[in-house]
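Raw my_file07.csv, CSV, C-alpha atoms:
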```csv
chain,number,residue,atom,x,y,z
K,53,THR,CA,60.2,102.7,69.9
K,54,PHE,CA,58.8,100.4,72.7
K,55,ALA,CA,55.9,102.9,73.3
K,56,ALA,CA,55.1,103.0,69.6
K,57,GLU,CA,55.1,99.3,69.1
K,58,HIS,CA,52.8,98.7,72.1
K,59,GLN,CA,50.6,101.7,71.5
K,60,ILE,CA,51.2,103.4,74.8
K,61,GLU,CA,52.0,107.0,75.5
K,62,SER,CA,55.5,107.9,76.5
K,63,ASN,CA,54.4,109.5,79.8
K,64,ALA,CA,52.3,106.5,80.7
K,65,LEU,CA,55.2,104.2,80.0
K,66,SER,CA,57.5,106.3,82.2
K,67,GLU,CA,55.0,106.0,85.0
K,68,LYS,CA,54.8,102.2,84.6
K,69,VAL,CA,58.6,101.9,84.6
K,70,ALA,CA,58.9,103.9,87.8
K,71,ALA,CA,56.2,101.7,89.4
K,72,TRP,CA,58.0,98.5,88.3
K,73,LYS,CA,61.3,99.9,89.7
K,74,GLN,CA,59.6,100.5,93.1
K,75,ILE,CA,58.3,96.9,93.2
K,76,LEU,CA,61.7,95.6,92.3
K,77,PHE,CA,63.5,97.8,94.9
K,78,LYS,CA,61.1,96.8,97.6
K,79,ALA,CA,61.7,93.1,96.8
K,80,ARG,CA,65.4,93.6,96.8
K,81,ALA,CA,65.3,95.3,100.2
K,82,THR,CA,64.1,92.0,101.7
K,83,ARG,CA,67.3,90.2,100.6
K,84,VAL,CA,70.6,90.2,102.5
K,85,ARG,CA,73.0,92.8,101.0
K,86,PRO,CA,76.2,91.4,99.5
K,87,GLY,CA,79.4,92.3,101.5
K,88,LEU,CA,81.2,95.4,100.6
K,89,ASP,CA,85.0,95.5,100.7
K,90,ASP,CA,85.7,99.2,101.0
K,91,LYS,CA,89.1,99.0,102.8
K,92,ALA,CA,92.3,100.5,101.4
K,93,LEU,CA,95.5,98.4,101.6
K,94,THR,CA,98.9,99.8,102.2
K,95,SER,CA,100.6,97.4,99.7
K,96,TRP,CA,98.1,98.1,96.9
K,97,ASN,CA,98.4,101.9,97.3
K,98,ALA,CA,102.2,101.5,97.3
K,99,LEU,CA,101.9,99.6,93.9
K,100,MET,CA,99.9,102.6,92.7
K,101,ILE,CA,102.7,105.0,93.7
K,102,LYS,CA,105.2,102.9,91.7
K,103,ALA,CA,102.8,102.9,88.7
K,104,TYR,CA,102.5,106.7,88.9
K,105,CYS,CA,106.3,107.0,89.0
K,106,ASP,CA,106.8,104.7,86.0
K,107,LEU,CA,104.2,106.6,84.0
K,108,TYR,CA,105.7,109.9,85.0
K,109,ALA,CA,109.1,108.7,83.8
K,110,ALA,CA,107.6,107.8,80.4
K,111,LYS,CA,105.4,110.8,79.9
K,112,GLY,CA,106.8,113.6,82.0
K,113,ASP,CA,103.3,114.7,83.2
K,114,ARG,CA,103.8,116.4,86.5
K,115,GLN,CA,100.3,115.7,87.7
K,116,LEU,CA,101.3,112.0,87.9
K,117,LEU,CA,104.2,112.9,90.1
K,118,SER,CA,101.9,115.0,92.3
K,119,GLU,CA,99.5,112.0,92.7
K,120,ALA,CA,102.4,109.8,93.6
K,121,LYS,CA,103.5,112.3,96.3
K,122,LYS,CA,99.9,112.6,97.6
K,123,THR,CA,99.5,108.8,98.0
K,124,ALA,CA,103.0,108.6,99.6
K,125,ALA,CA,101.9,111.1,102.2
K,126,TRP,CA,98.9,108.9,103.0
K,127,LEU,CA,101.2,105.9,103.2
K,128,ILE,CA,103.7,107.6,105.6
K,129,ASN,CA,101.4,109.7,107.7
K,130,THR,CA,98.2,107.7,107.9
K,131,GLN,CA,99.5,104.1,107.6
K,132,GLY,CA,102.7,104.7,109.6
K,133,LYS,CA,102.2,103.1,113.0
K,134,SER,CA,105.5,104.5,114.0
K,135,PRO,CA,108.5,106.0,112.1
K,136,LYS,CA,109.5,102.5,111.2
K,137,GLU,CA,106.3,100.5,111.3
K,138,LEU,CA,103.3,100.3,109.0
K,139,PHE,CA,99.6,99.3,109.3
K,140,HIS,CA,98.2,97.0,106.7
K,141,SER,CA,94.6,98.2,106.2
K,142,TRP,CA,92.5,101.4,106.4
K,143,ARG,CA,88.8,101.7,106.5
K,144,ARG,CA,86.5,104.7,107.3
K,145,GLY,CA,89.3,106.7,108.8
K,146,VAL,CA,90.8,103.9,111.0
K,147,SER,CA,94.1,102.2,110.3
K,148,SER,CA,94.4,98.6,111.6
K,149,VAL,CA,96.2,95.3,111.4
K,150,ASP,CA,100.0,95.2,111.7
K,151,GLY,CA,101.8,95.5,108.4
K,152,LEU,CA,102.7,92.4,106.4
K,153,ILE,CA,105.9,92.0,104.5
K,154,GLU,CA,104.1,92.9,101.3
K,155,ASP,CA,103.4,96.4,102.8
K,156,TYR,CA,107.0,97.0,103.6
K,157,ALA,CA,108.2,95.4,100.3
K,158,PHE,CA,105.9,97.5,98.0
K,159,GLY,CA,106.2,100.5,100.3
K,160,ILE,CA,110.0,100.6,100.0
K,161,GLU,CA,109.8,100.0,96.3
K,162,ALA,CA,107.4,102.9,95.9
K,163,LEU,CA,109.5,105.4,97.9
K,164,VAL,CA,112.7,104.4,96.1
K,165,ALA,CA,111.0,105.0,92.8
K,166,LEU,CA,109.6,108.3,94.1
K,167,TYR,CA,113.0,109.4,95.3
K,168,GLN,CA,114.4,108.6,91.8
K,169,GLN,CA,111.8,110.8,90.1
K,170,SER,CA,111.5,113.6,92.6
K,171,GLY,CA,115.0,113.9,93.9
K,172,GLU,CA,113.7,114.2,97.4
K,173,GLU,CA,116.0,112.3,99.8
K,174,SER,CA,113.4,112.1,102.5
K,175,TYR,CA,111.7,109.3,100.6
K,176,LEU,CA,114.9,107.4,100.5
K,177,GLU,CA,115.4,107.9,104.3
K,178,GLN,CA,111.9,106.6,105.0
K,179,ALA,CA,112.4,103.6,102.7
K,180,ASP,CA,115.5,102.7,104.7
K,181,ARG,CA,113.7,103.0,108.0
K,182,TRP,CA,111.1,100.5,106.8
K,183,MET,CA,113.9,98.2,105.5
K,184,GLN,CA,115.7,98.3,108.9
K,185,TYR,CA,112.4,97.3,110.6
K,186,ALA,CA,111.7,94.6,108.1
K,187,ARG,CA,115.1,93.0,108.5
K,188,GLU,CA,114.8,93.1,112.3
K,189,ASN,CA,111.3,91.7,112.5
K,190,PHE,CA,110.6,89.6,109.3
K,191,GLU,CA,113.9,88.2,108.2
K,192,ASP,CA,114.9,84.5,108.4
K,193,ARG,CA,118.6,84.8,109.2
K,194,ALA,CA,119.5,81.5,107.7
K,195,SER,CA,118.2,82.2,104.2
K,196,GLY,CA,117.9,86.0,104.1
K,197,LEU,CA,114.3,85.6,103.0
K,198,PHE,CA,111.4,87.3,104.8
K,199,TYR,CA,108.4,85.8,106.6
K,200,THR,CA,104.9,87.1,105.8
K,201,ARG,CA,104.2,88.3,109.3
K,202,SER,CA,106.3,90.1,111.8
K,203,LYS,CA,107.6,88.2,114.9
K,204,GLN,CA,106.0,91.1,116.9
K,205,GLY,CA,102.6,90.2,115.6
K,206,GLU,CA,100.2,87.3,116.3
K,207,GLN,CA,102.2,84.1,116.8
K,208,LEU,CA,101.1,81.4,114.4
K,209,ILE,CA,101.9,77.7,114.6
K,210,ALA,CA,104.1,78.0,111.5
K,211,ARG,CA,105.5,81.2,109.9
K,212,SER,CA,105.0,81.3,106.1
K,213,GLN,CA,107.2,82.8,103.3
K,214,GLU,CA,105.9,84.0,100.0
K,215,THR,CA,108.4,83.5,97.2
K,216,SER,CA,106.6,82.8,93.9
K,217,ASP,CA,105.7,85.6,91.6
K,218,ASN,CA,102.1,85.5,90.4
K,219,VAL,CA,99.9,88.4,89.1
K,220,ILE,CA,101.7,90.6,91.6
K,221,PRO,CA,105.5,90.0,92.2
K,222,SER,CA,106.2,88.2,95.5
K,223,ALA,CA,107.1,90.3,98.5
K,224,ASN,CA,110.4,88.4,98.8
K,225,SER,CA,111.5,89.0,95.2
K,226,THR,CA,110.5,92.7,95.6
K,227,MET,CA,112.6,92.9,98.8
K,228,ALA,CA,115.6,91.4,97.1
K,229,HIS,CA,115.3,94.2,94.4
K,230,ASN,CA,114.9,96.8,97.2
K,231,LEU,CA,118.0,95.5,99.0
K,232,ALA,CA,120.0,95.8,95.8
K,233,LYS,CA,118.8,99.4,95.1
K,234,LEU,CA,119.1,100.7,98.7
K,235,GLY,CA,122.5,99.0,99.1
K,236,THR,CA,123.8,100.8,96.0
K,237,LEU,CA,122.2,104.2,96.8
K,238,LEU,CA,123.3,104.1,100.5
K,239,GLU,CA,126.5,102.0,100.1
K,240,LYS,CA,125.3,99.4,102.6
K,241,SER,CA,127.2,96.2,102.0
K,242,ALA,CA,124.9,94.1,104.1
K,243,TYR,CA,122.0,94.9,101.8
K,244,LEU,CA,124.1,94.2,98.7
K,245,GLU,CA,125.2,90.8,100.1
K,246,GLN,CA,121.6,89.8,101.1
K,247,ALA,CA,120.0,90.3,97.7
K,248,PRO,CA,122.1,87.6,95.8
K,249,TRP,CA,121.9,85.3,98.9
K,250,MET,CA,118.1,85.4,98.7
K,251,LEU,CA,118.2,84.7,95.0
K,252,SER,CA,120.6,81.7,95.5
K,253,HIS,CA,117.8,79.9,97.3
K,254,LEU,CA,115.4,80.3,94.4
K,255,LYS,CA,117.6,79.8,91.3
K,256,SER,CA,116.6,76.2,90.7
K,257,ARG,CA,112.9,77.2,90.9
K,258,CYS,CA,113.5,80.0,88.4
K,259,LEU,CA,114.9,77.5,85.9
K,260,GLU,CA,112.2,75.0,86.5
K,261,TYR,CA,109.1,77.2,86.9
K,262,GLY,CA,110.2,80.4,85.1
K,263,GLU,CA,106.6,81.8,84.7
K,264,SER,CA,106.2,81.8,88.5
K,265,TYR,CA,109.6,83.4,89.3
K,266,ALA,CA,109.8,86.2,86.7
K,267,ASN,CA,110.8,88.9,89.2
K,268,TRP,CA,113.5,86.7,90.6
K,269,ALA,CA,114.8,86.1,87.1
K,270,ARG,CA,114.9,89.8,86.5
K,271,LEU,CA,117.2,90.2,89.5
K,272,GLY,CA,119.3,87.4,88.1
K,273,LEU,CA,119.6,89.2,84.8
K,274,GLN,CA,120.8,92.3,86.5
K,275,GLN,CA,123.5,90.3,88.3
K,276,ALA,CA,124.6,88.4,85.2
K,277,TYR,CA,124.9,91.3,82.9
K,278,PRO,CA,126.6,94.7,83.4
K,279,HIS,CA,124.6,97.0,85.7
K,280,TYR,CA,125.2,100.7,85.9
K,281,GLU,CA,124.7,103.5,88.4
K,282,VAL,CA,123.9,106.7,86.6
K,283,VAL,CA,124.4,109.8,88.7
K,284,ILE,CA,123.3,113.2,87.4
K,285,SER,CA,124.5,116.2,89.4
K,286,GLY,CA,124.1,119.9,88.7
K,287,LYS,CA,121.4,122.6,88.2
K,288,GLU,CA,120.1,121.0,85.0
K,289,ALA,CA,119.9,117.5,86.5
K,290,GLU,CA,116.2,117.1,86.3
K,291,ALA,CA,116.0,118.0,82.7
K,292,LYS,CA,118.8,115.6,81.9
K,293,LEU,CA,117.0,112.9,83.8
K,294,GLN,CA,113.8,113.4,81.8
K,295,GLU,CA,115.8,113.3,78.5
K,296,LEU,CA,117.7,110.1,79.7
K,297,GLN,CA,114.4,108.4,80.6
K,298,LYS,CA,113.2,108.5,77.0
K,299,SER,CA,115.5,105.5,76.6
K,300,TYR,CA,114.7,102.1,78.1
K,301,LEU,CA,117.5,101.3,80.6
K,302,PRO,CA,116.6,98.2,82.6
K,303,GLN,CA,120.3,97.8,83.6
K,304,ALA,CA,120.7,101.3,85.1
K,305,LEU,CA,119.9,102.7,88.5
K,306,VAL,CA,119.5,106.4,87.9
K,307,CYS,CA,119.6,109.2,90.6
K,308,TRP,CA,119.9,112.9,90.4
K,309,SER,CA,120.3,116.1,92.4
K,310,LYS,CA,120.4,119.8,91.6
K,311,SER,CA,122.4,120.6,94.7
K,312,GLU,CA,125.1,119.1,96.9
K,313,SER,CA,124.0,115.8,98.4
K,314,ASP,CA,125.4,113.7,101.3
K,315,LEU,CA,124.5,110.4,99.6
K,316,PRO,CA,127.7,108.4,98.8
K,317,LEU,CA,127.0,108.3,95.1
K,318,PHE,CA,127.1,112.1,94.9
K,319,ALA,CA,130.4,112.6,96.8
K,320,TYR,CA,132.7,115.1,95.1
K,321,ARG,CA,130.5,115.2,92.0
K,322,TYR,CA,128.6,118.5,92.4
K,323,SER,CA,129.6,121.6,90.4
K,324,LYS,CA,127.8,124.9,90.7
K,325,ASP,CA,128.3,125.8,87.1
K,326,LEU,CA,128.1,122.4,85.3
K,327,THR,CA,125.7,119.5,85.1
K,328,ARG,CA,127.6,116.3,84.8
K,329,ILE,CA,126.5,112.7,84.2
K,330,TYR,CA,128.5,109.9,85.8
K,331,VAL,CA,128.1,106.3,84.5
K,332,CYS,CA,129.5,103.9,87.0
K,333,GLN,CA,129.7,100.2,87.8
K,334,GLU,CA,130.1,99.2,91.4
K,335,GLY,CA,131.6,102.6,92.2
K,336,ALA,CA,134.1,102.7,89.3
K,337,CYS,CA,133.0,105.5,87.0
K,338,GLN,CA,133.8,106.5,83.5
K,339,LEU,CA,134.8,110.0,82.7
K,340,PRO,CA,131.8,112.4,83.4
K,341,VAL,CA,129.9,113.7,80.4
K,342,GLU,CA,127.5,116.7,80.0
K,343,GLU,CA,125.3,115.3,77.2
K,344,VAL,CA,122.7,112.5,77.6
K,345,GLY,CA,123.7,111.0,74.2
K,346,ALA,CA,127.3,110.6,75.5
K,347,ALA,CA,126.1,108.9,78.7
K,348,LEU,CA,123.9,106.5,76.7
K,349,GLU,CA,126.9,105.6,74.6
K,350,GLN,CA,128.9,104.7,77.8
K,351,ILE,CA,126.0,102.6,79.0
K,352,LYS,CA,125.6,100.7,75.7
K,353,SER,CA,129.3,100.2,75.1
K,354,GLU,CA,130.9,96.9,75.9
K,355,PRO,CA,132.2,96.6,79.4
```
File written out as structure tokens:
Amino acid sequence: TFAAEHQIESNALSEKVAAWKQILFKARATRVRPGLDDKALTSWNALMIKAYCDLYAAKGDRQLLSEAKKTAAWLINTQGKSPKELFHSWRRGVSSVDGLIEDYAFGIEALVALYQQSGEESYLEQADRWMQYARENFEDRASGLFYTRSKQGEQLIARSQETSDNVIPSANSTMAHNLAKLGTLLEKSAYLEQAPWMLSHLKSRCLEYGESYANWARLGLQQAYPHYEVVISGKEAEAKLQELQKSYLPQALVCWSKSESDLPLFAYRYSKDLTRIYVCQEGACQLPVEEVGAALEQIKSEP
């Protein structure tokens, strides 16, 4: 259309456009190029793992679970400074900067979610190793909250704590959720005690600035209303999990295993011939059922 309006042949126009581009490219080459942020962050990739797990739970597409495992392998093998420590950043094949509390918070959250979807206990074991390191090196013993930087890292004049939830939930609120989940899955009373202790320091802020403490408020709801541990054990456990996850169950911590497991929640619950679902509250379980619908009725019934 442009060529017709200006009475120029298409080939001639193409030649002119190519020449104009060369002039522009030459002029652009004399300018300072803008900075390029091409690093990969441990914390952001951990958030992506959690997103893959959430979407897999909703859709059941195994490619999503595969991507979550692939990213988790990068997190553990490439960003692992040691079995317990993490690096924060990666660029052009080089990992650097000691991990921040956000790396441990979102890393633990990601591996707990991946354990819940895959049933692979190695993810839970790694999450607990990171939790142990975080408690040893980031925790403020007085409040149970976590500092942004490890005491093993660069020593600053004042150590900061991130507590407000913004576009991304705060590392501290995420750690409180992690402690509640790991404490339940591993029967660690110290973790279970620390989560509400952390929340107690932020309750007034939750009430006054709710929009900035939403993830803390979510933890408060879990503590204020009945919360369930749902244990699925037996050869059809994964299929039962996928059926169960078609329902939205924010008040339930679900785990499953096709075989015998050493985890406390699975003790004496495996049967070679049957797949059973146990709906429990703080270790006290209702009678086991074999159908997902029956388990949902137990969860929805009044405590």
Nearest to Ser311 (chain K) by atom-to-atom distance, counting only C-alpha atoms, from K:Ile329, K:Ile128, K:Ile284, K:Ile160: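 Of all the options, K:Ile284 lies closest to Ser311 (chain K).
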For Arg328 (chain K), which of K:Ile153, K:Leu293, K:Ile351, K:Leu238 is the closest residue, counting all atoms listed in the file? K:Leu293
From CA of Leu176 (chain K) to CA of Cys337 (chain K) the spacing works out at 22.7 Å
Residue with smallest distance to Thr327 (chain K) - pool K:Asn230, K:Ser134, K:Ser353, K:Ser285, counting only C-alpha atoms: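 That would be K:Ser285, the residue with the smallest distance to Thr327 (chain K).
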Distance CA of Ala223 (chain K)-CA of Ser148 (chain K), one decimal place? 20.0 Å
Nearest to Gly262 (chain K), chosen from K:Ser216, K:Gln168, K:Thr236, K:Ser241, with all atoms listed in the file counted in the distances: K:Ser216
Could you work out how far CA of Thr94 (chain K) lies from CA of Asp150 (chain K), giving the answer in Å with one decimal? 10.6 Å
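Across K:Leu93, K:Val149, K:Leu99, K:Ala165, the tightest approach to Leu117 (chain K) is made by K:Ala165 when counting all atoms listed in the file.
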Env of Ala232 (chain K): 7 Å cut, atoms = only C-alpha atoms, seq-sep filter 6 positions within chain, self excluded. Answer as a tab-separated table (two decimals) with C-alpha atoms, in the coordinates of the input.
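Result file follows (result13.tsv):
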```tsv
chain	number	residue	atom	x	y	z
K	243	TYR	CA	122.00	94.90	101.80
K	244	LEU	CA	124.10	94.20	98.70
K	247	ALA	CA	120.00	90.30	97.70
```
Determine the nearest neighbour of Gly112 (chain K) from the options K:Lys136, K:Lys298, K:Arg257, K:Lys78, counting all atoms listed in the file. K:Lys298
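The neighbours of Trp308 (chain K) here are the residues that come within 10 Å of it, using all atoms listed in the file and leaving out any residue fewer than 5 positions away in the same chain; they are Tyr167, Gln168, Gln169, Ser170, Gly171, Glu172, Val282, Val283, Ile284, Ser285, Gly286, Glu288, Ala289, Glu290, Lys292, Leu293, Ser313, Leu317, Phe318 and Ile329 of chain K.
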Residue neighbourhood Gln213 (chain K), 9 Å, all atoms listed in the file, exclusion window fewer than 6 positions, as a CSV table (one decimal) with C-alpha atoms, in the coordinates of the input:
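Contents of part.csv, as written:
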```csv
chain,number,residue,atom,x,y,z
K,197,LEU,CA,114.3,85.6,103.0
K,198,PHE,CA,111.4,87.3,104.8
K,199,TYR,CA,108.4,85.8,106.6
K,200,THR,CA,104.9,87.1,105.8
K,201,ARG,CA,104.2,88.3,109.3
K,223,ALA,CA,107.1,90.3,98.5
K,224,ASN,CA,110.4,88.4,98.8
```
